[in-house]
Amino acid sequence: MRTDYRDDITNALKVLREDGVILYPTDTVWGLGCDATSAAAVEKIFSIKQRSGGKSLLVLVNGLTMLERYVRSIPDVASNLLEVTDKPLTIIYPAGRNLAPGICGEDGSVGIRICEDGFCSELIGRLRKPLVSTSANMSEMPAPSFFGEIDERIIKSADYVVGYRQDDTIKKTPSPVIKVSNDGVIKIIRQ
């Protein structure tokens, strides 16, 4: 298995900075990604997935400092969840900010995961912006659990396909999703 991803980081950054879309491994399933602050790039994601603009998109950040720049507030219950989780967890925060149109839900909420994966963390850190991370599948189709399950149409539509971890056949699953409110109410969206 290929373990050096320096060239992938360099090539992916070039594409992301030009409003392009990458196909890349995350801490969960393979994802289609782009600069989450670029309206043009977000539109490309919706087009590739053949998905309506009414559905929000998940965002990856590389730490609490970056998270604070893209949500209006972090409810105490979310802070507590982040402290105790030992696996990838997506939290839907009440209100996003500084993100491209189409990222946030109709109610202004935004799903964000702090990514611990080395490749993603370095890519986000060098981009200095959050990444869209939507599963690498057409809308309404199952998420692929490893690279070999990704539809050829998705692969061909990406501006850059990361080589790192393509030969990994360990089945991955999407992260659990929990929605939190400012008053501490938790709703499990996906287990």
# chains A, B, ... in the order shown; residues from 1 in each chain; ligands from 1

$ select_by_dssp --residues "chain A" --states "strand (DSSP E or B)" --output "VMD selection string"
chain A and resid 22 to 25 30 to 33 35 59 to 61 71 90 to 93 96 110 to 114 131 to 132 134 to 135 160 to 161 177 to 180 186 to 190

$ residues_around --residues "Gly148 in chain A" --least-positions-apart "2" --cutoff "9 Å" --atoms "only C-alpha atoms" --output "PyMOL selection string"
chain A and resi 144-146+150-151+166-169

$ write_last_selection --atoms "N, CA and C atoms" --output "PDB file, in the first residue's frame"
ATOM      1  N   PRO A 144     -19.768   4.295  -1.228  1.00  0.00           N
ATOM      2  CA  PRO A 144     -18.782   3.222  -1.387  1.00  0.00           C
ATOM      3  C   PRO A 144     -17.958   3.076  -0.107  1.00  0.00           C
ATOM      4  N   SER A 145     -17.658   1.847   0.283  1.00  0.00           N
ATOM      5  CA  SER A 145     -16.906   1.637   1.519  1.00  0.00           C
ATOM      6  C   SER A 145     -15.393   1.612   1.294  1.00  0.00           C
ATOM      7  N   PHE A 146     -14.962   1.533   0.034  1.00  0.00           N
ATOM      8  CA  PHE A 146     -13.552   1.684  -0.313  1.00  0.00           C
ATOM      9  C   PHE A 146     -13.464   2.089  -1.782  1.00  0.00           C
ATOM     10  N   ILE A 150     -16.238   2.759  -6.003  1.00  0.00           N
ATOM     11  CA  ILE A 150     -16.664   4.064  -6.519  1.00  0.00           C
ATOM     12  C   ILE A 150     -17.045   3.954  -7.990  1.00  0.00           C
ATOM     13  N   ASP A 151     -18.198   4.505  -8.327  1.00  0.00           N
ATOM     14  CA  ASP A 151     -18.715   4.518  -9.691  1.00  0.00           C
ATOM     15  C   ASP A 151     -17.712   5.235 -10.605  1.00  0.00           C
ATOM     16  N   GLN A 166      -5.811   4.077  -2.445  1.00  0.00           N
ATOM     17  CA  GLN A 166      -6.709   3.481  -3.442  1.00  0.00           C
ATOM     18  C   GLN A 166      -6.745   1.966  -3.337  1.00  0.00           C
ATOM     19  N   ASP A 167      -5.642   1.360  -2.926  1.00  0.00           N
ATOM     20  CA  ASP A 167      -5.604  -0.098  -2.856  1.00  0.00           C
ATOM     21  C   ASP A 167      -6.032  -0.657  -1.494  1.00  0.00           C
ATOM     22  N   ASP A 168      -6.467   0.217  -0.600  1.00  0.00           N
ATOM     23  CA  ASP A 168      -6.963  -0.201   0.712  1.00  0.00           C
ATOM     24  C   ASP A 168      -8.372  -0.777   0.541  1.00  0.00           C
ATOM     25  N   THR A 169      -8.582  -2.028   0.942  1.00  0.00           N
ATOM     26  CA  THR A 169      -9.896  -2.656   0.790  1.00  0.00           C
ATOM     27  C   THR A 169     -10.620  -2.838   2.117  1.00  0.00           C
TER      28      THR A 169
END

$ closest_residue --among "A:Thr90, A:Asn80, A:Thr85, A:Thr10" --to "Arg113 in chain A" --atoms "only C-alpha atoms"
A:Thr90

$ atom_distance --atom1 "CA of Gly63 in chain A" --atom2 "CA of Cys115 in chain A"
7.3 Å

$ atom_distance --atom1 "CA of Asp35 in chain A" --atom2 "CA of Asp19 in chain A"
6.9 Å

$ residues_around --residues "Asn98 in chain A" --least-positions-apart "6" --cutoff "12 Å" --atoms "only C-alpha atoms" --output "MDAnalysis selection string"
chainID A and resid 35:39 66:72 104 108 110 129:130

$ atom_distance --atom1 "CA of Gly125 in chain A" --atom2 "CA of Val61 in chain A"
8.4 Å

$ closest_residue --among "A:Leu81, A:Gly111, A:Ile189, A:Arg17" --to "Ala95 in chain A" --atoms "only C-alpha atoms"
A:Gly111

$ select_by_dssp --residues "chain A" --states "alpha helix (DSSP H)" --output "PDB file with N, CA, C and O atoms, in the first residue's frame"
ATOM      1  N   ARG A   6       2.769  12.940  -0.234  1.00  0.00           N
ATOM      2  CA  ARG A   6       3.198  14.327  -0.478  1.00  0.00           C
ATOM      3  C   ARG A   6       2.763  14.856  -1.845  1.00  0.00           C
ATOM      4  O   ARG A   6       2.272  15.973  -1.957  1.00  0.00           O
ATOM      5  N   ASP A   7       2.958  14.049  -2.902  1.00  0.00           N
ATOM      6  CA  ASP A   7       2.553  14.497  -4.241  1.00  0.00           C
ATOM      7  C   ASP A   7       1.039  14.688  -4.317  1.00  0.00           C
ATOM      8  O   ASP A   7       0.561  15.622  -4.958  1.00  0.00           O
ATOM      9  N   ASP A   8       0.288  13.796  -3.664  1.00  0.00           N
ATOM     10  CA  ASP A   8      -1.169  13.943  -3.656  1.00  0.00           C
ATOM     11  C   ASP A   8      -1.584  15.247  -2.977  1.00  0.00           C
ATOM     12  O   ASP A   8      -2.496  15.928  -3.443  1.00  0.00           O
ATOM     13  N   ILE A   9      -0.933  15.602  -1.883  1.00  0.00           N
ATOM     14  CA  ILE A   9      -1.248  16.861  -1.189  1.00  0.00           C
ATOM     15  C   ILE A   9      -0.982  18.039  -2.121  1.00  0.00           C
ATOM     16  O   ILE A   9      -1.831  18.919  -2.298  1.00  0.00           O
ATOM     17  N   THR A  10       0.183  18.048  -2.754  1.00  0.00           N
ATOM     18  CA  THR A  10       0.552  19.148  -3.659  1.00  0.00           C
ATOM     19  C   THR A  10      -0.444  19.269  -4.811  1.00  0.00           C
ATOM     20  O   THR A  10      -0.925  20.363  -5.113  1.00  0.00           O
ATOM     21  N   ASN A  11      -0.759  18.155  -5.449  1.00  0.00           N
ATOM     22  CA  ASN A  11      -1.677  18.172  -6.594  1.00  0.00           C
ATOM     23  C   ASN A  11      -3.099  18.531  -6.170  1.00  0.00           C
ATOM     24  O   ASN A  11      -3.791  19.293  -6.867  1.00  0.00           O
ATOM     25  N   ALA A  12      -3.550  18.006  -5.049  1.00  0.00           N
ATOM     26  CA  ALA A  12      -4.896  18.311  -4.567  1.00  0.00           C
ATOM     27  C   ALA A  12      -5.019  19.793  -4.208  1.00  0.00           C
ATOM     28  O   ALA A  12      -6.028  20.432  -4.523  1.00  0.00           O
ATOM     29  N   LEU A  13      -4.003  20.352  -3.581  1.00  0.00           N
ATOM     30  CA  LEU A  13      -4.041  21.776  -3.224  1.00  0.00           C
ATOM     31  C   LEU A  13      -4.165  22.653  -4.463  1.00  0.00           C
ATOM     32  O   LEU A  13      -4.929  23.621  -4.470  1.00  0.00           O
ATOM     33  N   LYS A  14      -3.421  22.320  -5.510  1.00  0.00           N
ATOM     34  CA  LYS A  14      -3.492  23.100  -6.753  1.00  0.00           C
ATOM     35  C   LYS A  14      -4.924  23.101  -7.287  1.00  0.00           C
ATOM     36  O   LYS A  14      -5.468  24.147  -7.647  1.00  0.00           O
ATOM     37  N   VAL A  15      -5.561  21.937  -7.318  1.00  0.00           N
ATOM     38  CA  VAL A  15      -6.939  21.822  -7.817  1.00  0.00           C
ATOM     39  C   VAL A  15      -7.913  22.570  -6.902  1.00  0.00           C
ATOM     40  O   VAL A  15      -8.785  23.301  -7.371  1.00  0.00           O
ATOM     41  N   LEU A  16      -7.781  22.389  -5.596  1.00  0.00           N
ATOM     42  CA  LEU A  16      -8.691  23.039  -4.652  1.00  0.00           C
ATOM     43  C   LEU A  16      -8.604  24.558  -4.745  1.00  0.00           C
ATOM     44  O   LEU A  16      -9.621  25.253  -4.665  1.00  0.00           O
ATOM     45  N   ARG A  17      -7.404  25.079  -4.931  1.00  0.00           N
ATOM     46  CA  ARG A  17      -7.210  26.540  -5.015  1.00  0.00           C
ATOM     47  C   ARG A  17      -7.756  27.119  -6.316  1.00  0.00           C
ATOM     48  O   ARG A  17      -7.917  28.334  -6.433  1.00  0.00           O
ATOM     49  N   ALA A  39     -18.149  29.053  -3.789  1.00  0.00           N
ATOM     50  CA  ALA A  39     -19.473  28.781  -4.362  1.00  0.00           C
ATOM     51  C   ALA A  39     -19.362  28.000  -5.674  1.00  0.00           C
ATOM     52  O   ALA A  39     -20.144  27.070  -5.914  1.00  0.00           O
ATOM     53  N   ALA A  40     -18.390  28.348  -6.517  1.00  0.00           N
ATOM     54  CA  ALA A  40     -18.228  27.664  -7.806  1.00  0.00           C
ATOM     55  C   ALA A  40     -17.893  26.190  -7.598  1.00  0.00           C
ATOM     56  O   ALA A  40     -18.433  25.313  -8.280  1.00  0.00           O
ATOM     57  N   ALA A  41     -17.025  25.896  -6.647  1.00  0.00           N
ATOM     58  CA  ALA A  41     -16.635  24.510  -6.382  1.00  0.00           C
ATOM     59  C   ALA A  41     -17.800  23.710  -5.808  1.00  0.00           C
ATOM     60  O   ALA A  41     -18.012  22.557  -6.184  1.00  0.00           O
ATOM     61  N   VAL A  42     -18.563  24.324  -4.914  1.00  0.00           N
ATOM     62  CA  VAL A  42     -19.722  23.640  -4.320  1.00  0.00           C
ATOM     63  C   VAL A  42     -20.744  23.304  -5.399  1.00  0.00           C
ATOM     64  O   VAL A  42     -21.319  22.214  -5.410  1.00  0.00           O
ATOM     65  N   GLU A  43     -20.952  24.209  -6.342  1.00  0.00           N
ATOM     66  CA  GLU A  43     -21.863  23.937  -7.455  1.00  0.00           C
ATOM     67  C   GLU A  43     -21.399  22.724  -8.263  1.00  0.00           C
ATOM     68  O   GLU A  43     -22.210  21.913  -8.715  1.00  0.00           O
ATOM     69  N   LYS A  44     -20.087  22.606  -8.466  1.00  0.00           N
ATOM     70  CA  LYS A  44     -19.549  21.448  -9.187  1.00  0.00           C
ATOM     71  C   LYS A  44     -19.873  20.146  -8.458  1.00  0.00           C
ATOM     72  O   LYS A  44     -20.208  19.145  -9.083  1.00  0.00           O
ATOM     73  N   ILE A  45     -19.757  20.164  -7.133  1.00  0.00           N
ATOM     74  CA  ILE A  45     -20.070  18.961  -6.337  1.00  0.00           C
ATOM     75  C   ILE A  45     -21.524  18.547  -6.563  1.00  0.00           C
ATOM     76  O   ILE A  45     -21.825  17.384  -6.809  1.00  0.00           O
ATOM     77  N   PHE A  46     -22.441  19.507  -6.473  1.00  0.00           N
ATOM     78  CA  PHE A  46     -23.863  19.197  -6.685  1.00  0.00           C
ATOM     79  C   PHE A  46     -24.096  18.629  -8.083  1.00  0.00           C
ATOM     80  O   PHE A  46     -24.871  17.687  -8.263  1.00  0.00           O
ATOM     81  N   SER A  47     -23.416  19.187  -9.071  1.00  0.00           N
ATOM     82  CA  SER A  47     -23.561  18.719 -10.444  1.00  0.00           C
ATOM     83  C   SER A  47     -23.039  17.290 -10.600  1.00  0.00           C
ATOM     84  O   SER A  47     -23.702  16.440 -11.204  1.00  0.00           O
ATOM     85  N   ILE A  48     -21.868  17.012 -10.049  1.00  0.00           N
ATOM     86  CA  ILE A  48     -21.288  15.669 -10.142  1.00  0.00           C
ATOM     87  C   ILE A  48     -22.206  14.635  -9.502  1.00  0.00           C
ATOM     88  O   ILE A  48     -22.448  13.573 -10.056  1.00  0.00           O
ATOM     89  N   LYS A  49     -22.710  14.953  -8.324  1.00  0.00           N
ATOM     90  CA  LYS A  49     -23.544  13.990  -7.596  1.00  0.00           C
ATOM     91  C   LYS A  49     -24.978  13.932  -8.129  1.00  0.00           C
ATOM     92  O   LYS A  49     -25.752  13.091  -7.706  1.00  0.00           O
ATOM     93  N   LEU A  64     -10.319  22.441  16.526  1.00  0.00           N
ATOM     94  CA  LEU A  64     -11.285  23.318  17.188  1.00  0.00           C
ATOM     95  C   LEU A  64     -11.146  24.775  16.748  1.00  0.00           C
ATOM     96  O   LEU A  64     -12.147  25.471  16.568  1.00  0.00           O
ATOM     97  N   THR A  65      -9.924  25.230  16.540  1.00  0.00           N
ATOM     98  CA  THR A  65      -9.710  26.616  16.117  1.00  0.00           C
ATOM     99  C   THR A  65     -10.395  26.892  14.780  1.00  0.00           C
ATOM    100  O   THR A  65     -11.072  27.907  14.614  1.00  0.00           O
ATOM    101  N   MET A  66     -10.241  25.973  13.830  1.00  0.00           N
ATOM    102  CA  MET A  66     -10.891  26.147  12.529  1.00  0.00           C
ATOM    103  C   MET A  66     -12.402  26.012  12.677  1.00  0.00           C
ATOM    104  O   MET A  66     -13.155  26.776  12.064  1.00  0.00           O
ATOM    105  N   LEU A  67     -12.858  25.081  13.480  1.00  0.00           N
ATOM    106  CA  LEU A  67     -14.297  24.916  13.708  1.00  0.00           C
ATOM    107  C   LEU A  67     -14.926  26.223  14.167  1.00  0.00           C
ATOM    108  O   LEU A  67     -15.981  26.630  13.669  1.00  0.00           O
ATOM    109  N   GLU A  68     -14.284  26.902  15.096  1.00  0.00           N
ATOM    110  CA  GLU A  68     -14.826  28.151  15.651  1.00  0.00           C
ATOM    111  C   GLU A  68     -15.009  29.239  14.593  1.00  0.00           C
ATOM    112  O   GLU A  68     -15.861  30.111  14.742  1.00  0.00           O
ATOM    113  N   ARG A  69     -14.230  29.189  13.501  1.00  0.00           N
ATOM    114  CA  ARG A  69     -14.354  30.202  12.436  1.00  0.00           C
ATOM    115  C   ARG A  69     -15.560  29.962  11.526  1.00  0.00           C
ATOM    116  O   ARG A  69     -15.962  30.858  10.783  1.00  0.00           O
ATOM    117  N   TYR A  70     -16.138  28.732  11.588  1.00  0.00           N
ATOM    118  CA  TYR A  70     -17.194  28.393  10.633  1.00  0.00           C
ATOM    119  C   TYR A  70     -18.542  28.054  11.271  1.00  0.00           C
ATOM    120  O   TYR A  70     -19.466  27.676  10.565  1.00  0.00           O
ATOM    121  N   ASP A  76     -22.415  23.796  24.538  1.00  0.00           N
ATOM    122  CA  ASP A  76     -21.661  23.021  25.532  1.00  0.00           C
ATOM    123  C   ASP A  76     -21.758  21.525  25.284  1.00  0.00           C
ATOM    124  O   ASP A  76     -20.775  20.799  25.431  1.00  0.00           O
ATOM    125  N   VAL A  77     -22.943  21.058  24.903  1.00  0.00           N
ATOM    126  CA  VAL A  77     -23.124  19.623  24.677  1.00  0.00           C
ATOM    127  C   VAL A  77     -22.236  19.132  23.533  1.00  0.00           C
ATOM    128  O   VAL A  77     -21.702  18.026  23.580  1.00  0.00           O
ATOM    129  N   ALA A  78     -22.030  19.968  22.520  1.00  0.00           N
ATOM    130  CA  ALA A  78     -21.141  19.593  21.413  1.00  0.00           C
ATOM    131  C   ALA A  78     -19.697  19.512  21.894  1.00  0.00           C
ATOM    132  O   ALA A  78     -18.967  18.582  21.545  1.00  0.00           O
ATOM    133  N   SER A  79     -19.281  20.463  22.716  1.00  0.00           N
ATOM    134  CA  SER A  79     -17.928  20.428  23.279  1.00  0.00           C
ATOM    135  C   SER A  79     -17.714  19.147  24.075  1.00  0.00           C
ATOM    136  O   SER A  79     -16.661  18.510  23.979  1.00  0.00           O
ATOM    137  N   ASN A  80     -18.713  18.770  24.852  1.00  0.00           N
ATOM    138  CA  ASN A  80     -18.619  17.539  25.651  1.00  0.00           C
ATOM    139  C   ASN A  80     -18.501  16.315  24.755  1.00  0.00           C
ATOM    140  O   ASN A  80     -17.706  15.414  25.029  1.00  0.00           O
ATOM    141  N   LEU A  81     -19.293  16.263  23.674  1.00  0.00           N
ATOM    142  CA  LEU A  81     -19.222  15.134  22.747  1.00  0.00           C
ATOM    143  C   LEU A  81     -17.846  15.040  22.094  1.00  0.00           C
ATOM    144  O   LEU A  81     -17.287  13.950  21.953  1.00  0.00           O
ATOM    145  N   LEU A  82     -17.294  16.188  21.707  1.00  0.00           N
ATOM    146  CA  LEU A  82     -15.980  16.204  21.067  1.00  0.00           C
ATOM    147  C   LEU A  82     -14.889  15.700  22.009  1.00  0.00           C
ATOM    148  O   LEU A  82     -13.930  15.058  21.574  1.00  0.00           O
ATOM    149  N   GLU A  83     -15.038  15.968  23.295  1.00  0.00           N
ATOM    150  CA  GLU A  83     -14.038  15.540  24.276  1.00  0.00           C
ATOM    151  C   GLU A  83     -14.050  14.025  24.497  1.00  0.00           C
ATOM    152  O   GLU A  83     -13.016  13.439  24.774  1.00  0.00           O
ATOM    153  N   VAL A  84     -15.221  13.389  24.383  1.00  0.00           N
ATOM    154  CA  VAL A  84     -15.322  11.967  24.736  1.00  0.00           C
ATOM    155  C   VAL A  84     -15.321  11.020  23.546  1.00  0.00           C
ATOM    156  O   VAL A  84     -15.124   9.827  23.721  1.00  0.00           O
ATOM    157  N   GLY A 118      -4.433  11.734   9.111  1.00  0.00           N
ATOM    158  CA  GLY A 118      -3.229  12.480   8.771  1.00  0.00           C
ATOM    159  C   GLY A 118      -3.286  13.154   7.413  1.00  0.00           C
ATOM    160  O   GLY A 118      -2.942  14.331   7.279  1.00  0.00           O
ATOM    161  N   PHE A 119      -3.735  12.428   6.389  1.00  0.00           N
ATOM    162  CA  PHE A 119      -3.812  12.998   5.048  1.00  0.00           C
ATOM    163  C   PHE A 119      -4.762  14.196   5.023  1.00  0.00           C
ATOM    164  O   PHE A 119      -4.407  15.275   4.569  1.00  0.00           O
ATOM    165  N   CYS A 120      -5.976  14.003   5.522  1.00  0.00           N
ATOM    166  CA  CYS A 120      -6.979  15.080   5.499  1.00  0.00           C
ATOM    167  C   CYS A 120      -6.546  16.268   6.352  1.00  0.00           C
ATOM    168  O   CYS A 120      -6.711  17.421   5.952  1.00  0.00           O
ATOM    169  N   SER A 121      -6.009  15.993   7.525  1.00  0.00           N
ATOM    170  CA  SER A 121      -5.580  17.085   8.411  1.00  0.00           C
ATOM    171  C   SER A 121      -4.507  17.943   7.756  1.00  0.00           C
ATOM    172  O   SER A 121      -4.556  19.166   7.825  1.00  0.00           O
ATOM    173  N   GLU A 122      -3.550  17.286   7.111  1.00  0.00           N
ATOM    174  CA  GLU A 122      -2.497  18.052   6.441  1.00  0.00           C
ATOM    175  C   GLU A 122      -3.052  18.840   5.259  1.00  0.00           C
ATOM    176  O   GLU A 122      -2.718  20.007   5.064  1.00  0.00           O
ATOM    177  N   LEU A 123      -3.926  18.218   4.479  1.00  0.00           N
ATOM    178  CA  LEU A 123      -4.520  18.903   3.330  1.00  0.00           C
ATOM    179  C   LEU A 123      -5.310  20.136   3.781  1.00  0.00           C
ATOM    180  O   LEU A 123      -5.141  21.225   3.229  1.00  0.00           O
ATOM    181  N   ILE A 124      -6.134  19.976   4.791  1.00  0.00           N
ATOM    182  CA  ILE A 124      -6.932  21.100   5.310  1.00  0.00           C
ATOM    183  C   ILE A 124      -6.021  22.173   5.891  1.00  0.00           C
ATOM    184  O   ILE A 124      -6.218  23.372   5.658  1.00  0.00           O
ATOM    185  N   GLY A 125      -5.015  21.750   6.644  1.00  0.00           N
ATOM    186  CA  GLY A 125      -4.097  22.706   7.248  1.00  0.00           C
ATOM    187  C   GLY A 125      -3.346  23.530   6.213  1.00  0.00           C
ATOM    188  O   GLY A 125      -3.182  24.739   6.369  1.00  0.00           O
ATOM    189  N   ARG A 126      -2.923  22.890   5.142  1.00  0.00           N
ATOM    190  CA  ARG A 126      -2.193  23.616   4.101  1.00  0.00           C
ATOM    191  C   ARG A 126      -3.119  24.480   3.253  1.00  0.00           C
ATOM    192  O   ARG A 126      -2.716  25.540   2.775  1.00  0.00           O
ATOM    193  N   LEU A 127      -4.369  24.045   3.083  1.00  0.00           N
ATOM    194  CA  LEU A 127      -5.348  24.860   2.357  1.00  0.00           C
ATOM    195  C   LEU A 127      -5.784  26.056   3.203  1.00  0.00           C
ATOM    196  O   LEU A 127      -6.126  27.112   2.680  1.00  0.00           O
ATOM    197  N   GLU A 152     -17.469   4.669 -11.760  1.00  0.00           N
ATOM    198  CA  GLU A 152     -16.523   5.237 -12.733  1.00  0.00           C
ATOM    199  C   GLU A 152     -16.903   6.667 -13.121  1.00  0.00           C
ATOM    200  O   GLU A 152     -16.034   7.505 -13.380  1.00  0.00           O
ATOM    201  N   ARG A 153     -18.197   6.977 -13.154  1.00  0.00           N
ATOM    202  CA  ARG A 153     -18.634   8.340 -13.498  1.00  0.00           C
ATOM    203  C   ARG A 153     -18.128   9.352 -12.472  1.00  0.00           C
ATOM    204  O   ARG A 153     -17.766  10.477 -12.820  1.00  0.00           O
ATOM    205  N   ILE A 154     -18.102   8.961 -11.208  1.00  0.00           N
ATOM    206  CA  ILE A 154     -17.598   9.840 -10.149  1.00  0.00           C
ATOM    207  C   ILE A 154     -16.094  10.041 -10.328  1.00  0.00           C
ATOM    208  O   ILE A 154     -15.590  11.161 -10.263  1.00  0.00           O
ATOM    209  N   ILE A 155     -15.381   8.957 -10.572  1.00  0.00           N
ATOM    210  CA  ILE A 155     -13.925   9.037 -10.742  1.00  0.00           C
ATOM    211  C   ILE A 155     -13.582   9.971 -11.904  1.00  0.00           C
ATOM    212  O   ILE A 155     -12.728  10.847 -11.775  1.00  0.00           O
ATOM    213  N   LYS A 156     -14.266   9.799 -13.032  1.00  0.00           N
ATOM    214  CA  LYS A 156     -13.976  10.618 -14.219  1.00  0.00           C
ATOM    215  C   LYS A 156     -14.374  12.079 -14.042  1.00  0.00           C
ATOM    216  O   LYS A 156     -13.825  12.956 -14.703  1.00  0.00           O
ATOM    217  N   SER A 157     -15.313  12.367 -13.155  1.00  0.00           N
ATOM    218  CA  SER A 157     -15.789  13.737 -12.995  1.00  0.00           C
ATOM    219  C   SER A 157     -14.915  14.578 -12.063  1.00  0.00           C
ATOM    220  O   SER A 157     -14.984  15.806 -12.090  1.00  0.00           O
TER     221      SER A 157
END

$ closest_residue --among "A:Leu131, A:Pro174, A:Asp183, A:Leu23" --to "Leu99 in chain A" --atoms "only C-alpha atoms"
A:Leu131

$ decode --residues "range 18-25 of chain A" --atoms "all heavy atoms" --output "mmCIF file, in the first residue's frame"
data_model
loop_
_atom_site.group_PDB
_atom_site.id
_atom_site.type_symbol
_atom_site.label_atom_id
_atom_site.label_comp_id
_atom_site.auth_asym_id
_atom_site.auth_seq_id
_atom_site.Cartn_x
_atom_site.Cartn_y
_atom_site.Cartn_z
ATOM 1 N N GLU A 18 -8.042 26.242 -7.290
ATOM 2 C CA GLU A 18 -8.611 26.687 -8.567
ATOM 3 C C GLU A 18 -10.086 26.311 -8.667
ATOM 4 O O GLU A 18 -10.620 26.131 -9.765
ATOM 5 C CB GLU A 18 -7.807 26.078 -9.722
ATOM 6 C CG GLU A 18 -6.368 26.572 -9.768
ATOM 7 C CD GLU A 18 -5.508 25.853 -10.793
ATOM 8 O OE1 GLU A 18 -5.969 24.877 -11.414
ATOM 9 O OE2 GLU A 18 -4.341 26.278 -10.973
ATOM 10 N N ASP A 19 -10.749 26.173 -7.532
ATOM 11 C CA ASP A 19 -12.187 25.837 -7.459
ATOM 12 C C ASP A 19 -12.516 24.475 -8.051
ATOM 13 O O ASP A 19 -13.618 24.250 -8.546
ATOM 14 C CB ASP A 19 -13.050 26.920 -8.134
ATOM 15 C CG ASP A 19 -12.949 28.256 -7.429
ATOM 16 O OD1 ASP A 19 -12.783 28.264 -6.194
ATOM 17 O OD2 ASP A 19 -13.040 29.299 -8.105
ATOM 18 N N GLY A 20 -11.561 23.559 -7.987
ATOM 19 C CA GLY A 20 -11.779 22.217 -8.507
ATOM 20 C C GLY A 20 -12.308 21.258 -7.455
ATOM 21 O O GLY A 20 -12.450 21.596 -6.271
ATOM 22 N N VAL A 21 -12.582 20.040 -7.905
ATOM 23 C CA VAL A 21 -13.127 18.978 -7.056
ATOM 24 C C VAL A 21 -12.142 17.818 -7.022
ATOM 25 O O VAL A 21 -11.622 17.409 -8.065
ATOM 26 C CB VAL A 21 -14.495 18.495 -7.602
ATOM 27 C CG1 VAL A 21 -14.985 17.276 -6.849
ATOM 28 C CG2 VAL A 21 -15.520 19.625 -7.521
ATOM 29 N N ILE A 22 -11.896 17.317 -5.821
ATOM 30 C CA ILE A 22 -11.014 16.162 -5.667
ATOM 31 C C ILE A 22 -11.815 14.950 -5.185
ATOM 32 O O ILE A 22 -12.871 15.097 -4.567
ATOM 33 C CB ILE A 22 -9.850 16.446 -4.695
ATOM 34 C CG1 ILE A 22 -10.358 16.732 -3.271
ATOM 35 C CG2 ILE A 22 -8.980 17.579 -5.220
ATOM 36 C CD1 ILE A 22 -9.261 16.794 -2.215
ATOM 37 N N LEU A 23 -11.282 13.777 -5.471
ATOM 38 C CA LEU A 23 -11.803 12.519 -4.956
ATOM 39 C C LEU A 23 -10.716 12.027 -4.009
ATOM 40 O O LEU A 23 -9.576 11.830 -4.423
ATOM 41 C CB LEU A 23 -12.042 11.535 -6.097
ATOM 42 C CG LEU A 23 -12.530 10.138 -5.740
ATOM 43 C CD1 LEU A 23 -13.857 10.181 -4.974
ATOM 44 C CD2 LEU A 23 -12.682 9.294 -7.000
ATOM 45 N N TYR A 24 -11.062 11.861 -2.723
ATOM 46 C CA TYR A 24 -10.017 11.609 -1.730
ATOM 47 C C TYR A 24 -10.484 10.730 -0.572
ATOM 48 O O TYR A 24 -11.673 10.670 -0.266
ATOM 49 C CB TYR A 24 -9.485 12.938 -1.202
ATOM 50 C CG TYR A 24 -10.460 13.727 -0.337
ATOM 51 C CD1 TYR A 24 -10.187 13.941 1.015
ATOM 52 C CD2 TYR A 24 -11.634 14.260 -0.850
ATOM 53 C CE1 TYR A 24 -11.063 14.671 1.811
ATOM 54 C CE2 TYR A 24 -12.504 14.989 -0.066
ATOM 55 C CZ TYR A 24 -12.209 15.185 1.275
ATOM 56 O OH TYR A 24 -13.078 15.908 2.060
ATOM 57 N N PRO A 25 -9.519 10.041 0.082
ATOM 58 C CA PRO A 25 -9.867 9.226 1.243
ATOM 59 C C PRO A 25 -9.997 10.116 2.481
ATOM 60 O O PRO A 25 -9.213 11.045 2.663
ATOM 61 C CB PRO A 25 -8.669 8.282 1.367
ATOM 62 C CG PRO A 25 -7.519 9.061 0.832
ATOM 63 C CD PRO A 25 -8.094 9.932 -0.254
#
